[in-house]
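Q: Before I ask anything, here is the structure I am working with.
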Amino acid sequence: MSTTEALLSGPGSVGGGNRLSIDDALAQHAGEFGRWQLRHFLLVIAAWTLEAMHTMVMIFADREPAMSCPAGDGRCGDRCSGASAGWEWDQGSASSTVAEWGLVCGESYKVGLVHAMYFASAMIGAGVFGHLSDSFLGRKGSLLLVCSLNAIFGLLTALSPNYWAYVALRILTGFSAGSICLCSFVLATEPVGPSYRGVVGMSTCYFFSGGIAILAGIAAMFQSSWRLLYVVTSMPSLAFMLTVMPFVSESPRWYLVRRRAEDAMRVIRDIASTNRKSIPDGITLKLDDEDDINKKTEESSSSILDVFRSRTTRGRLVLSVLISFICSVVYYGLSLNVVNLKINLYISVAVNSLAEMPAFLITTVLLQHLGRKPLAIGSMLLSGVFCTSASLITGVGVMRALRMACGVVGIFGMAATYNLLVVYTAELFPTTVRTAAMGCTLQASKMGAILAPMVVLLGERTPFAVFGMLGIIGGLLVFCLPETMHKPLYDTMFGLEKGEGEFVIKGKITRGNSEI
């Protein structure tokens, strides 16, 4: 019998000792959230800033700058004819893709097209890298790969010779960039103990919102060149890959479900050492389905199909996908709707991103007291009510400012939900399929992001009405999900079903020893 088999075998076999799950090993010996987890979290989750830049850069690179007629009012021809009719871009033709390639009037649909294609490719990438992260590539390997691709494709985007080359490179960027948050969140939170997992998970989106605010400042400094803006926002991915990733550890949970128990134990001992604690001799790690070794071997190579085979996880996934889709439409829609507010683009983007941060703080404080489910319901309904109110406000001046204020509260509520859903979804599924399941919900969110720009085109007030309706529907759907607060982070499908007290035996559902 190999050492790995001994570590994963029953209590009476060689090397059995005192066998603990990873959650128990962290809580009892290594420390649930100490110096090791803090350093690991900060290093890994900084990647969220990178995704914010790669995604939201399109707001500035694809903007429509102001035009003027040097000859004087009324002396130039049709604005749609551009330079041939005497019109000039105030900041030069290199200031944005719209100015350089004339994406105005009849060509304006191409701006929305490149945005939609970016999110469509991100949706596909989320599924691909979600599976790779759960399988042979691992959490760290997947994150390293997507960061490398982001740096390469982002820099190449700055060299786009024409619009269609630009579209192709944005598609490639979206394929990789859309998975950064997914891979980094799972890698950052899996080594955290159950008592701190919710609070730590809720802290991740500060980095995404902070990235948007930083991007707004960078974009304000490079208004004259969209190509230079892409170079500046792509370099951090290269720096992250070269200077941060070498110091990041793989998830011990991934090691364990891949039957690499020695590596998992090595990481746990490293956590304990850095946290100034120790692991007693004789401690070994176990999966949460150790009573069925055959089942366990199956689970080490679980796929998203296993989620659909279980009634417990099937319903959770369907609901998570629907809620993520709705949340994304509203969140990205409100973010992109700044173009309809008719105020300074850079200021409005920065204000929206900063408005999200108090939402994260409040939900983090309330998370441990109210639970995931009540907070998700409340934040979605809050966003829905205020967006609906914004759709009913007419007029200009003070009324327009009031509409903007309602929109800020709307994005406040939906940002809180967006952040909370990442934690909630991770806790709904076991380690063997966690990233794959989260990849499905991320795909749904990218589908919502594809729809969001189309909703924004409906005008000044109508988008708010759509966002309000969706927010209320989303809040009602959350009622159907279970609460996950104070529940363990399961390793396998069998362990989750066993822990939830529900088994499927020969086609019959039993709860405990009673048949339903």
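Residue numbering restarts at 1 for every chain of the structure tokens, chains are lettered A, B, ... in their displayed order, and ligands are numbered from 1 as they appear.
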A:Gly407: which residues within 10 Å, counting only C-alpha atoms, same-chain residues fewer than 6 positions away excluded, as number ranges by chain?
A: A: 334-335, 337-338, 341, 352, 383, 386-391, 401, 413, 464, 467
Q: Can you list, as a tab-separated table (two decimals) with N, CA and C atoms, in the first residue's frame, every protein, DNA or RNA residue that comes within 10 Å of A:Gly217 when you count only C-alpha atoms, leaving out same-chain residues fewer than 6 positions away?
A:
```tsv
chain	number	residue	atom	x	y	z
A	211	GLY	N	-10.06	48.09	-8.73
A	211	GLY	CA	-9.48	48.05	-10.08
A	211	GLY	C	-10.20	48.96	-11.03
A	346	TYR	N	-15.46	59.75	-16.66
A	346	TYR	CA	-14.43	59.26	-15.74
A	346	TYR	C	-14.89	59.40	-14.28
A	347	ILE	N	-15.54	60.51	-13.97
A	347	ILE	CA	-16.04	60.73	-12.61
A	347	ILE	C	-17.16	59.75	-12.29
A	349	VAL	N	-17.82	56.76	-13.55
A	349	VAL	CA	-17.32	55.39	-13.39
A	349	VAL	C	-16.65	55.24	-12.03
A	350	ALA	N	-15.84	56.23	-11.66
A	350	ALA	CA	-15.16	56.17	-10.36
A	350	ALA	C	-16.16	56.20	-9.21
```
Q: Counting only C-alpha atoms, which of A:Lys446, A:Lys110, A:Arg227, A:Arg269 gets nearest to A:Leu322?
A: A:Lys446
Q: Could you pull out the residues in stretch 276-440 of chain A that DSSP calls alpha helix (DSSP H) from the backbone, as JSON, numbers by chain?
A: {"A": [293, 294, 295, 296, 297, 298, 299, 304, 305, 306, 307, 308, 309, 311, 312, 313, 314, 315, 316, 317, 318, 319, 320, 321, 322, 323, 324, 325, 326, 327, 328, 329, 330, 331, 332, 333, 334, 335, 336, 345, 346, 347, 348, 349, 350, 351, 352, 353, 354, 355, 356, 357, 358, 359, 360, 361, 362, 363, 364, 365, 366, 367, 368, 369, 370, 372, 373, 374, 375, 376, 377, 378, 379, 380, 381, 382, 383, 384, 385, 386, 387, 388, 389, 390, 391, 398, 399, 400, 401, 402, 403, 404, 405, 406, 407, 408, 409, 410, 411, 412, 413, 414, 415, 416, 417, 418, 419, 420, 421, 422, 423, 424, 425, 426, 427, 428, 431, 432, 433, 434, 435, 436, 437, 438, 439, 440]}
Q: Using only C-alpha atoms, which of the listed residues (A:Ile362, A:Met53, A:Met357, A:Ile279) sits closest to A:Pro236?
A: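 Comparing A:Ile362, A:Met53, A:Met357, A:Ile279 against A:Pro236, the winner is A:Met53.
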Q: Could you name the residues that touch stretch 186-203 of chain A at 6 Å or less, counting only C-alpha atoms, but leaving out those on the same chain fewer than 2 positions away, as a ChimeraX atom specification?
A: /A:23,26,32-33,41,44,139,183-184,205-206,251,364,423
Q: Please compute the atom CA of A:Pro374-atom CA of A:Phe494 distance, one decimal, in Å.
A: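 Interatomic distance, atom CA of A:Pro374 to atom CA of A:Phe494: 27.6 Å.
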Q: Counting only C-alpha atoms, what is within 8 Å of A:Thr431, bar same-chain residues fewer than 2 positions away, as a list in words?
A: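 Surrounding residues, per the criterion: Asp134, Arg253, Trp254, Val257, Phe429, Val433, Arg434, Thr435, Leu489, Tyr490, Asp491 and Thr492 of chain A.
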Q: If I take atom CA of A:Ala52 and atom CA of A:Cys406, how far is one from the other in Å, to one decimal?
A: 23.7 Å
